[in-house]
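So this one's coords-v7.pdb, PDB, N, CA and C atoms, pLDDT in the B column:
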```pdb
ATOM      1  N   MET A  74       0.846  -1.174   0.000  1.00 87.00           N
ATOM      2  CA  MET A  74       0.000   0.000   0.000  1.00 87.00           C
ATOM      3  C   MET A  74       0.895   1.242   0.000  1.00 87.00           C
ATOM      4  N   ILE A  75       0.493   2.243  -0.723  1.00 90.00           N
ATOM      5  CA  ILE A  75       1.194   3.522  -0.733  1.00 90.00           C
ATOM      6  C   ILE A  75       0.518   4.454   0.271  1.00 90.00           C
ATOM      7  N   VAL A  76       1.292   5.005   1.166  1.00 91.00           N
ATOM      8  CA  VAL A  76       0.798   5.943   2.180  1.00 91.00           C
ATOM      9  C   VAL A  76       1.264   7.347   1.792  1.00 91.00           C
ATOM     10  N   ILE A  77       0.360   8.315   1.886  1.00 92.00           N
ATOM     11  CA  ILE A  77       0.710   9.708   1.589  1.00 92.00           C
ATOM     12  C   ILE A  77       0.918  10.428   2.912  1.00 92.00           C
ATOM     13  N   ASN A  78       2.143  10.872   3.135  1.00 93.00           N
ATOM     14  CA  ASN A  78       2.527  11.483   4.412  1.00 93.00           C
ATOM     15  C   ASN A  78       2.434  13.010   4.382  1.00 93.00           C
ATOM     16  N   ILE A  79       1.271  13.518   4.066  1.00 93.00           N
ATOM     17  CA  ILE A  79       1.100  14.972   4.030  1.00 93.00           C
ATOM     18  C   ILE A  79       1.226  15.561   5.431  1.00 93.00           C
ATOM     19  N   ASP A  80       0.702  14.868   6.434  1.00 92.00           N
ATOM     20  CA  ASP A  80       0.771  15.371   7.816  1.00 92.00           C
ATOM     21  C   ASP A  80       2.210  15.642   8.242  1.00 92.00           C
ATOM     22  N   VAL A  81       3.098  14.729   7.884  1.00 92.00           N
ATOM     23  CA  VAL A  81       4.508  14.866   8.260  1.00 92.00           C
ATOM     24  C   VAL A  81       5.096  16.130   7.633  1.00 92.00           C
ATOM     25  N   MET A  82       4.836  16.322   6.338  1.00 94.00           N
ATOM     26  CA  MET A  82       5.394  17.492   5.655  1.00 94.00           C
ATOM     27  C   MET A  82       4.752  18.784   6.134  1.00 94.00           C
ATOM     28  N   LEU A  83       3.465  18.748   6.436  1.00 94.00           N
ATOM     29  CA  LEU A  83       2.808  19.948   6.977  1.00 94.00           C
ATOM     30  C   LEU A  83       3.446  20.340   8.306  1.00 94.00           C
ATOM     31  N   ALA A  84       3.705  19.373   9.147  1.00 95.00           N
ATOM     32  CA  ALA A  84       4.335  19.657  10.440  1.00 95.00           C
ATOM     33  C   ALA A  84       5.743  20.213  10.246  1.00 95.00           C
ATOM     34  N   LYS A  85       6.504  19.617   9.331  1.00 95.00           N
ATOM     35  CA  LYS A  85       7.865  20.093   9.084  1.00 95.00           C
ATOM     36  C   LYS A  85       7.871  21.514   8.538  1.00 95.00           C
ATOM     37  N   ARG A  86       6.868  21.858   7.749  1.00 95.00           N
ATOM     38  CA  ARG A  86       6.792  23.192   7.136  1.00 95.00           C
ATOM     39  C   ARG A  86       5.985  24.171   7.985  1.00 95.00           C
ATOM     40  N   LYS A  87       5.494  23.707   9.128  1.00 95.00           N
ATOM     41  CA  LYS A  87       4.670  24.530  10.023  1.00 95.00           C
ATOM     42  C   LYS A  87       3.523  25.181   9.254  1.00 95.00           C
ATOM     43  N   MET A  88       2.818  24.328   8.528  1.00 95.00           N
ATOM     44  CA  MET A  88       1.713  24.762   7.681  1.00 95.00           C
ATOM     45  C   MET A  88       0.477  23.967   8.073  1.00 95.00           C
ATOM     46  N   ASN A  89      -0.691  24.583   7.981  1.00 93.00           N
ATOM     47  CA  ASN A  89      -1.910  23.834   8.271  1.00 93.00           C
ATOM     48  C   ASN A  89      -2.610  23.431   6.972  1.00 93.00           C
ATOM     49  N   VAL A  90      -3.634  22.625   7.099  1.00 93.00           N
ATOM     50  CA  VAL A  90      -4.319  22.068   5.944  1.00 93.00           C
ATOM     51  C   VAL A  90      -4.961  23.158   5.097  1.00 93.00           C
ATOM     52  N   SER A  91      -5.550  24.157   5.725  1.00 94.00           N
ATOM     53  CA  SER A  91      -6.198  25.217   4.948  1.00 94.00           C
ATOM     54  C   SER A  91      -5.176  26.042   4.168  1.00 94.00           C
ATOM     55  N   GLU A  92      -4.002  26.278   4.746  1.00 95.00           N
ATOM     56  CA  GLU A  92      -2.933  26.969   4.017  1.00 95.00           C
ATOM     57  C   GLU A  92      -2.520  26.172   2.790  1.00 95.00           C
ATOM     58  N   LEU A  93      -2.337  24.855   2.987  1.00 95.00           N
ATOM     59  CA  LEU A  93      -1.950  23.994   1.875  1.00 95.00           C
ATOM     60  C   LEU A  93      -3.010  24.036   0.782  1.00 95.00           C
ATOM     61  N   ALA A  94      -4.272  23.923   1.163  1.00 95.00           N
ATOM     62  CA  ALA A  94      -5.362  23.950   0.187  1.00 95.00           C
ATOM     63  C   ALA A  94      -5.341  25.251  -0.615  1.00 95.00           C
ATOM     64  N   ASP A  95      -5.146  26.375   0.065  1.00 96.00           N
ATOM     65  CA  ASP A  95      -5.094  27.671  -0.611  1.00 96.00           C
ATOM     66  C   ASP A  95      -3.919  27.762  -1.577  1.00 96.00           C
ATOM     67  N   LYS A  96      -2.745  27.352  -1.121  1.00 95.00           N
ATOM     68  CA  LYS A  96      -1.533  27.479  -1.931  1.00 95.00           C
ATOM     69  C   LYS A  96      -1.518  26.529  -3.123  1.00 95.00           C
ATOM     70  N   VAL A  97      -2.117  25.354  -2.965  1.00 94.00           N
ATOM     71  CA  VAL A  97      -2.122  24.363  -4.038  1.00 94.00           C
ATOM     72  C   VAL A  97      -3.321  24.575  -4.966  1.00 94.00           C
ATOM     73  N   GLY A  98      -4.363  25.233  -4.451  1.00 94.00           N
ATOM     74  CA  GLY A  98      -5.558  25.463  -5.254  1.00 94.00           C
ATOM     75  C   GLY A  98      -6.545  24.314  -5.207  1.00 94.00           C
ATOM     76  N   PHE A  99      -6.541  23.563  -4.114  1.00 93.00           N
ATOM     77  CA  PHE A  99      -7.466  22.454  -3.917  1.00 93.00           C
ATOM     78  C   PHE A  99      -8.525  22.859  -2.908  1.00 93.00           C
ATOM     79  N   THR A 100      -9.626  22.130  -2.910  1.00 93.00           N
ATOM     80  CA  THR A 100     -10.630  22.340  -1.874  1.00 93.00           C
ATOM     81  C   THR A 100     -10.154  21.659  -0.596  1.00 93.00           C
ATOM     82  N   MET A 101     -10.698  22.077   0.514  1.00 92.00           N
ATOM     83  CA  MET A 101     -10.367  21.438   1.794  1.00 92.00           C
ATOM     84  C   MET A 101     -10.760  19.965   1.757  1.00 92.00           C
ATOM     85  N   ALA A 102     -11.864  19.661   1.084  1.00 92.00           N
ATOM     86  CA  ALA A 102     -12.327  18.272   0.990  1.00 92.00           C
ATOM     87  C   ALA A 102     -11.290  17.410   0.268  1.00 92.00           C
ATOM     88  N   ASN A 103     -10.733  17.919  -0.825  1.00 92.00           N
ATOM     89  CA  ASN A 103      -9.734  17.143  -1.568  1.00 92.00           C
ATOM     90  C   ASN A 103      -8.444  16.964  -0.776  1.00 92.00           C
ATOM     91  N   VAL A 104      -8.016  18.000  -0.060  1.00 91.00           N
ATOM     92  CA  VAL A 104      -6.819  17.870   0.766  1.00 91.00           C
ATOM     93  C   VAL A 104      -7.079  16.867   1.883  1.00 91.00           C
ATOM     94  N   SER A 105      -8.267  16.889   2.435  1.00 91.00           N
ATOM     95  CA  SER A 105      -8.629  15.944   3.487  1.00 91.00           C
ATOM     96  C   SER A 105      -8.592  14.499   2.968  1.00 91.00           C
ATOM     97  N   LEU A 106      -9.096  14.283   1.755  1.00 92.00           N
ATOM     98  CA  LEU A 106      -9.048  12.946   1.154  1.00 92.00           C
ATOM     99  C   LEU A 106      -7.610  12.478   0.970  1.00 92.00           C
ATOM    100  N   LEU A 107      -6.753  13.378   0.497  1.00 91.00           N
ATOM    101  CA  LEU A 107      -5.329  13.049   0.336  1.00 91.00           C
ATOM    102  C   LEU A 107      -4.713  12.715   1.684  1.00 91.00           C
ATOM    103  N   LYS A 108      -4.959  13.569   2.639  1.00 88.00           N
ATOM    104  CA  LYS A 108      -4.363  13.453   3.965  1.00 88.00           C
ATOM    105  C   LYS A 108      -4.766  12.147   4.658  1.00 88.00           C
ATOM    106  N   ASN A 109      -6.011  11.740   4.437  1.00 88.00           N
ATOM    107  CA  ASN A 109      -6.535  10.551   5.105  1.00 88.00           C
ATOM    108  C   ASN A 109      -6.370   9.278   4.278  1.00 88.00           C
ATOM    109  N   GLY A 110      -5.699   9.380   3.144  1.00 85.00           N
ATOM    110  CA  GLY A 110      -5.443   8.204   2.326  1.00 85.00           C
ATOM    111  C   GLY A 110      -6.678   7.623   1.680  1.00 85.00           C
ATOM    112  N   LYS A 111      -7.671   8.436   1.422  1.00 90.00           N
ATOM    113  CA  LYS A 111      -8.935   7.959   0.858  1.00 90.00           C
ATOM    114  C   LYS A 111      -8.993   8.101  -0.658  1.00 90.00           C
ATOM    115  N   ILE A 112      -7.847   8.262  -1.301  1.00 89.00           N
ATOM    116  CA  ILE A 112      -7.826   8.392  -2.752  1.00 89.00           C
ATOM    117  C   ILE A 112      -7.348   7.094  -3.384  1.00 89.00           C
ATOM    118  N   LYS A 113      -7.749   6.862  -4.616  1.00 88.00           N
ATOM    119  CA  LYS A 113      -7.342   5.643  -5.328  1.00 88.00           C
ATOM    120  C   LYS A 113      -6.283   5.958  -6.375  1.00 88.00           C
ATOM    121  N   ALA A 114      -6.137   7.232  -6.738  1.00 91.00           N
ATOM    122  CA  ALA A 114      -5.168   7.629  -7.761  1.00 91.00           C
ATOM    123  C   ALA A 114      -4.643   9.025  -7.427  1.00 91.00           C
ATOM    124  N   LEU A 115      -3.450   9.307  -7.924  1.00 91.00           N
ATOM    125  CA  LEU A 115      -2.824  10.611  -7.707  1.00 91.00           C
ATOM    126  C   LEU A 115      -2.159  11.032  -9.009  1.00 91.00           C
ATOM    127  N   LYS A 116      -2.610  12.142  -9.566  1.00 93.00           N
ATOM    128  CA  LYS A 116      -2.021  12.644 -10.805  1.00 93.00           C
ATOM    129  C   LYS A 116      -0.618  13.170 -10.533  1.00 93.00           C
ATOM    130  N   ILE A 117       0.234  13.029 -11.514  1.00 96.00           N
ATOM    131  CA  ILE A 117       1.591  13.568 -11.400  1.00 96.00           C
ATOM    132  C   ILE A 117       1.530  15.088 -11.222  1.00 96.00           C
ATOM    133  N   SER A 118       0.591  15.747 -11.877  1.00 95.00           N
ATOM    134  CA  SER A 118       0.469  17.204 -11.739  1.00 95.00           C
ATOM    135  C   SER A 118       0.093  17.594 -10.305  1.00 95.00           C
ATOM    136  N   THR A 119      -0.723  16.771  -9.653  1.00 93.00           N
ATOM    137  CA  THR A 119      -1.085  17.016  -8.254  1.00 93.00           C
ATOM    138  C   THR A 119       0.136  16.829  -7.359  1.00 93.00           C
ATOM    139  N   LEU A 120       0.881  15.766  -7.600  1.00 95.00           N
ATOM    140  CA  LEU A 120       2.099  15.514  -6.834  1.00 95.00           C
ATOM    141  C   LEU A 120       3.090  16.649  -7.034  1.00 95.00           C
ATOM    142  N   ASN A 121       3.193  17.142  -8.254  1.00 96.00           N
ATOM    143  CA  ASN A 121       4.078  18.265  -8.561  1.00 96.00           C
ATOM    144  C   ASN A 121       3.678  19.510  -7.767  1.00 96.00           C
ATOM    145  N   LYS A 122       2.385  19.816  -7.726  1.00 96.00           N
ATOM    146  CA  LYS A 122       1.901  20.986  -6.969  1.00 96.00           C
ATOM    147  C   LYS A 122       2.223  20.835  -5.485  1.00 96.00           C
ATOM    148  N   LEU A 123       1.977  19.650  -4.948  1.00 96.00           N
ATOM    149  CA  LEU A 123       2.256  19.413  -3.524  1.00 96.00           C
ATOM    150  C   LEU A 123       3.742  19.585  -3.224  1.00 96.00           C
ATOM    151  N   CYS A 124       4.588  19.018  -4.076  1.00 97.00           N
ATOM    152  CA  CYS A 124       6.032  19.116  -3.869  1.00 97.00           C
ATOM    153  C   CYS A 124       6.507  20.559  -3.988  1.00 97.00           C
ATOM    154  N   THR A 125       5.920  21.313  -4.916  1.00 97.00           N
ATOM    155  CA  THR A 125       6.293  22.715  -5.088  1.00 97.00           C
ATOM    156  C   THR A 125       5.945  23.519  -3.837  1.00 97.00           C
ATOM    157  N   VAL A 126       4.716  23.382  -3.373  1.00 96.00           N
ATOM    158  CA  VAL A 126       4.251  24.148  -2.211  1.00 96.00           C
ATOM    159  C   VAL A 126       4.960  23.715  -0.933  1.00 96.00           C
ATOM    160  N   LEU A 127       5.175  22.415  -0.769  1.00 96.00           N
ATOM    161  CA  LEU A 127       5.797  21.906   0.454  1.00 96.00           C
ATOM    162  C   LEU A 127       7.324  21.860   0.370  1.00 96.00           C
ATOM    163  N   ASP A 128       7.864  22.245  -0.778  1.00 96.00           N
ATOM    164  CA  ASP A 128       9.311  22.262  -1.002  1.00 96.00           C
ATOM    165  C   ASP A 128       9.933  20.929  -0.601  1.00 96.00           C
ATOM    166  N   CYS A 129       9.462  19.873  -1.268  1.00 96.00           N
ATOM    167  CA  CYS A 129       9.929  18.530  -0.941  1.00 96.00           C
ATOM    168  C   CYS A 129      10.036  17.676  -2.196  1.00 96.00           C
ATOM    169  N   GLN A 130      10.512  16.477  -2.038  1.00 97.00           N
ATOM    170  CA  GLN A 130      10.601  15.487  -3.107  1.00 97.00           C
ATOM    171  C   GLN A 130       9.405  14.544  -3.014  1.00 97.00           C
ATOM    172  N   PRO A 131       9.015  13.903  -4.132  1.00 96.00           N
ATOM    173  CA  PRO A 131       7.896  12.954  -4.074  1.00 96.00           C
ATOM    174  C   PRO A 131       8.094  11.873  -3.010  1.00 96.00           C
ATOM    175  N   GLY A 132       9.329  11.432  -2.827  1.00 95.00           N
ATOM    176  CA  GLY A 132       9.616  10.411  -1.816  1.00 95.00           C
ATOM    177  C   GLY A 132       9.392  10.883  -0.393  1.00 95.00           C
ATOM    178  N   ASP A 133       9.344  12.200  -0.192  1.00 96.00           N
ATOM    179  CA  ASP A 133       9.034  12.739   1.133  1.00 96.00           C
ATOM    180  C   ASP A 133       7.550  12.582   1.447  1.00 96.00           C
ATOM    181  N   LEU A 134       6.731  12.505   0.405  1.00 95.00           N
ATOM    182  CA  LEU A 134       5.283  12.406   0.578  1.00 95.00           C
ATOM    183  C   LEU A 134       4.758  10.982   0.460  1.00 95.00           C
ATOM    184  N   LEU A 135       5.416  10.170  -0.356  1.00 94.00           N
ATOM    185  CA  LEU A 135       4.922   8.828  -0.638  1.00 94.00           C
ATOM    186  C   LEU A 135       5.770   7.766   0.053  1.00 94.00           C
ATOM    187  N   GLU A 136       5.095   6.801   0.654  1.00 93.00           N
ATOM    188  CA  GLU A 136       5.791   5.708   1.336  1.00 93.00           C
ATOM    189  C   GLU A 136       5.100   4.388   0.990  1.00 93.00           C
ATOM    190  N   TYR A 137       5.875   3.394   0.641  1.00 93.00           N
ATOM    191  CA  TYR A 137       5.336   2.062   0.364  1.00 93.00           C
ATOM    192  C   TYR A 137       5.384   1.239   1.641  1.00 93.00           C
ATOM    193  N   VAL A 138       4.227   0.713   2.037  1.00 91.00           N
ATOM    194  CA  VAL A 138       4.134  -0.145   3.217  1.00 91.00           C
ATOM    195  C   VAL A 138       3.764  -1.539   2.719  1.00 91.00           C
ATOM    196  N   PRO A 139       4.710  -2.492   2.715  1.00 92.00           N
ATOM    197  CA  PRO A 139       4.412  -3.833   2.197  1.00 92.00           C
ATOM    198  C   PRO A 139       3.396  -4.577   3.051  1.00 92.00           C
ATOM    199  N   GLY A 140       2.597  -5.396   2.370  1.00 82.00           N
ATOM    200  CA  GLY A 140       1.668  -6.258   3.077  1.00 82.00           C
ATOM    201  C   GLY A 140       0.401  -5.594   3.547  1.00 82.00           C
ATOM    202  N   GLU A 141       0.198  -4.338   3.213  1.00 63.00           N
ATOM    203  CA  GLU A 141      -1.008  -3.640   3.644  1.00 63.00           C
ATOM    204  C   GLU A 141      -1.805  -3.122   2.454  1.00 63.00           C
ATOM    205  N   ASP A 142      -1.876  -3.921   1.399  1.00 64.00           N
ATOM    206  CA  ASP A 142      -2.561  -3.523   0.190  1.00 64.00           C
ATOM    207  C   ASP A 142      -4.075  -3.525   0.425  1.00 64.00           C
ATOM    208  N   ASN A 143      -4.713  -2.393   0.135  1.00 58.00           N
ATOM    209  CA  ASN A 143      -6.172  -2.296   0.367  1.00 58.00           C
ATOM    210  C   ASN A 143      -6.903  -1.850  -0.886  1.00 58.00           C
ATOM    211  N   GLU A 144      -6.465  -2.278  -2.047  1.00 55.00           N
ATOM    212  CA  GLU A 144      -7.081  -1.868  -3.305  1.00 55.00           C
ATOM    213  C   GLU A 144      -8.526  -2.344  -3.431  1.00 55.00           C
ATOM    214  N   ASP A 145      -8.904  -3.379  -2.738  1.00 49.00           N
ATOM    215  CA  ASP A 145     -10.260  -3.922  -2.853  1.00 49.00           C
ATOM    216  C   ASP A 145     -11.277  -3.148  -2.025  1.00 49.00           C
ATOM    217  N   GLU A 146     -10.836  -2.213  -1.207  1.00 47.00           N
ATOM    218  CA  GLU A 146     -11.764  -1.474  -0.338  1.00 47.00           C
ATOM    219  C   GLU A 146     -12.489  -0.406  -1.095  1.00 47.00           C
TER     220      GLU A 146
END
```
Spit out the file's structure as structure tokens when you get a sec.
Amino acid sequence: MIVINIDVMLAKRKMNVSELADKVGFTMANVSLLKNGKIKALKISTLNKLCTVLDCQPGDLLEYVPGEDNEDE
């Protein structure tokens, strides 16, 4: 399973979810879905926006956790 660690980067950047939503141009609902891992796909353009705003690499946001695949949910 791929885990999106937005919380970690927000804490490191001392930024809150609403700030991120404003800077990236997403709704709070979409940022919440990302943050809570409730998405099934992530566009490269979305990842690019997140990395730009959070000043990080894709590997800072994405983590592979073996054995916890939940694609059927």
- prompt: Exactly which residues make up the result of the PyMOL selection byres (((chain A and resi 105-115 and name CA) around 10) and name CA) on this file, given as a VMD selection string?
  reply: chain A and resid 75 to 81 90 to 91 94 99 to 104 116 to 120 143 to 144 146
Selection export as a PDB file, in the coordinates of the input, atoms kept: N, CA and C atoms:
```pdb
ATOM      1  N   ILE A  75       0.493   2.243  -0.723  1.00 90.00           N
ATOM      2  CA  ILE A  75       1.194   3.522  -0.733  1.00 90.00           C
ATOM      3  C   ILE A  75       0.518   4.454   0.271  1.00 90.00           C
ATOM      4  N   VAL A  76       1.292   5.005   1.166  1.00 91.00           N
ATOM      5  CA  VAL A  76       0.798   5.943   2.180  1.00 91.00           C
ATOM      6  C   VAL A  76       1.264   7.347   1.792  1.00 91.00           C
ATOM      7  N   ILE A  77       0.360   8.315   1.886  1.00 92.00           N
ATOM      8  CA  ILE A  77       0.710   9.708   1.589  1.00 92.00           C
ATOM      9  C   ILE A  77       0.918  10.428   2.912  1.00 92.00           C
ATOM     10  N   ASN A  78       2.143  10.872   3.135  1.00 93.00           N
ATOM     11  CA  ASN A  78       2.527  11.483   4.412  1.00 93.00           C
ATOM     12  C   ASN A  78       2.434  13.010   4.382  1.00 93.00           C
ATOM     13  N   ILE A  79       1.271  13.518   4.066  1.00 93.00           N
ATOM     14  CA  ILE A  79       1.100  14.972   4.030  1.00 93.00           C
ATOM     15  C   ILE A  79       1.226  15.561   5.431  1.00 93.00           C
ATOM     16  N   ASP A  80       0.702  14.868   6.434  1.00 92.00           N
ATOM     17  CA  ASP A  80       0.771  15.371   7.816  1.00 92.00           C
ATOM     18  C   ASP A  80       2.210  15.642   8.242  1.00 92.00           C
ATOM     19  N   VAL A  81       3.098  14.729   7.884  1.00 92.00           N
ATOM     20  CA  VAL A  81       4.508  14.866   8.260  1.00 92.00           C
ATOM     21  C   VAL A  81       5.096  16.130   7.633  1.00 92.00           C
ATOM     22  N   VAL A  90      -3.634  22.625   7.099  1.00 93.00           N
ATOM     23  CA  VAL A  90      -4.319  22.068   5.944  1.00 93.00           C
ATOM     24  C   VAL A  90      -4.961  23.158   5.097  1.00 93.00           C
ATOM     25  N   SER A  91      -5.550  24.157   5.725  1.00 94.00           N
ATOM     26  CA  SER A  91      -6.198  25.217   4.948  1.00 94.00           C
ATOM     27  C   SER A  91      -5.176  26.042   4.168  1.00 94.00           C
ATOM     28  N   ALA A  94      -4.272  23.923   1.163  1.00 95.00           N
ATOM     29  CA  ALA A  94      -5.362  23.950   0.187  1.00 95.00           C
ATOM     30  C   ALA A  94      -5.341  25.251  -0.615  1.00 95.00           C
ATOM     31  N   PHE A  99      -6.541  23.563  -4.114  1.00 93.00           N
ATOM     32  CA  PHE A  99      -7.466  22.454  -3.917  1.00 93.00           C
ATOM     33  C   PHE A  99      -8.525  22.859  -2.908  1.00 93.00           C
ATOM     34  N   THR A 100      -9.626  22.130  -2.910  1.00 93.00           N
ATOM     35  CA  THR A 100     -10.630  22.340  -1.874  1.00 93.00           C
ATOM     36  C   THR A 100     -10.154  21.659  -0.596  1.00 93.00           C
ATOM     37  N   MET A 101     -10.698  22.077   0.514  1.00 92.00           N
ATOM     38  CA  MET A 101     -10.367  21.438   1.794  1.00 92.00           C
ATOM     39  C   MET A 101     -10.760  19.965   1.757  1.00 92.00           C
ATOM     40  N   ALA A 102     -11.864  19.661   1.084  1.00 92.00           N
ATOM     41  CA  ALA A 102     -12.327  18.272   0.990  1.00 92.00           C
ATOM     42  C   ALA A 102     -11.290  17.410   0.268  1.00 92.00           C
ATOM     43  N   ASN A 103     -10.733  17.919  -0.825  1.00 92.00           N
ATOM     44  CA  ASN A 103      -9.734  17.143  -1.568  1.00 92.00           C
ATOM     45  C   ASN A 103      -8.444  16.964  -0.776  1.00 92.00           C
ATOM     46  N   VAL A 104      -8.016  18.000  -0.060  1.00 91.00           N
ATOM     47  CA  VAL A 104      -6.819  17.870   0.766  1.00 91.00           C
ATOM     48  C   VAL A 104      -7.079  16.867   1.883  1.00 91.00           C
ATOM     49  N   LYS A 116      -2.610  12.142  -9.566  1.00 93.00           N
ATOM     50  CA  LYS A 116      -2.021  12.644 -10.805  1.00 93.00           C
ATOM     51  C   LYS A 116      -0.618  13.170 -10.533  1.00 93.00           C
ATOM     52  N   ILE A 117       0.234  13.029 -11.514  1.00 96.00           N
ATOM     53  CA  ILE A 117       1.591  13.568 -11.400  1.00 96.00           C
ATOM     54  C   ILE A 117       1.530  15.088 -11.222  1.00 96.00           C
ATOM     55  N   SER A 118       0.591  15.747 -11.877  1.00 95.00           N
ATOM     56  CA  SER A 118       0.469  17.204 -11.739  1.00 95.00           C
ATOM     57  C   SER A 118       0.093  17.594 -10.305  1.00 95.00           C
ATOM     58  N   THR A 119      -0.723  16.771  -9.653  1.00 93.00           N
ATOM     59  CA  THR A 119      -1.085  17.016  -8.254  1.00 93.00           C
ATOM     60  C   THR A 119       0.136  16.829  -7.359  1.00 93.00           C
ATOM     61  N   LEU A 120       0.881  15.766  -7.600  1.00 95.00           N
ATOM     62  CA  LEU A 120       2.099  15.514  -6.834  1.00 95.00           C
ATOM     63  C   LEU A 120       3.090  16.649  -7.034  1.00 95.00           C
ATOM     64  N   ASN A 143      -4.713  -2.393   0.135  1.00 58.00           N
ATOM     65  CA  ASN A 143      -6.172  -2.296   0.367  1.00 58.00           C
ATOM     66  C   ASN A 143      -6.903  -1.850  -0.886  1.00 58.00           C
ATOM     67  N   GLU A 144      -6.465  -2.278  -2.047  1.00 55.00           N
ATOM     68  CA  GLU A 144      -7.081  -1.868  -3.305  1.00 55.00           C
ATOM     69  C   GLU A 144      -8.526  -2.344  -3.431  1.00 55.00           C
ATOM     70  N   GLU A 146     -10.836  -2.213  -1.207  1.00 47.00           N
ATOM     71  CA  GLU A 146     -11.764  -1.474  -0.338  1.00 47.00           C
ATOM     72  C   GLU A 146     -12.489  -0.406  -1.095  1.00 47.00           C
TER      73      GLU A 146
END
```
field: Picked from chain A by DSSP as strand (DSSP E), as a PyMOL selection string
entry: chain A and resi 75-77+135-137
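You will find CA of Val126 in chain A at 27.1 Å from atom N of Pro139 in chain A.
Atom C of Met74 in chain A sits 27.1 Å away from CA of Asp95 in chain A.
Interatomic distance, atom N of Gly98 in chain A to CA of Lys122 in chain A: 8.0 Å.
Of the residues under consideration (A:Met88, A:Met82, A:Val138, A:Val97), A:Val97 shows the shortest atom-to-atom contact distance to Leu123 in chain A when counting only C-alpha atoms.
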Using the file's own x, y and z axes, so that the box edges lie along x, y and z, what centre and edge lengths in Å (one decimal) does a box around every listed atom of range 104-110 of chain A get when 4 Å is added on each side? Give it as JSON.
```
{"center_x": -6.7, "center_y": 12.8, "center_z": 2.5, "size_x": 12.7, "size_y": 18.4, "size_z": 13.2}
```
task: Please give the complete set of residues from chain A that DSSP, run on the backbone, assigns to alpha helix (DSSP H), formatted as JSON, numbers by chain.
output: {"A": [79, 80, 81, 82, 83, 84, 85, 86, 90, 91, 92, 93, 94, 95, 96, 97, 101, 102, 103, 104, 105, 106, 107, 108, 117, 118, 119, 120, 121, 122, 123, 124, 125, 126, 127, 131, 132, 133, 134]}
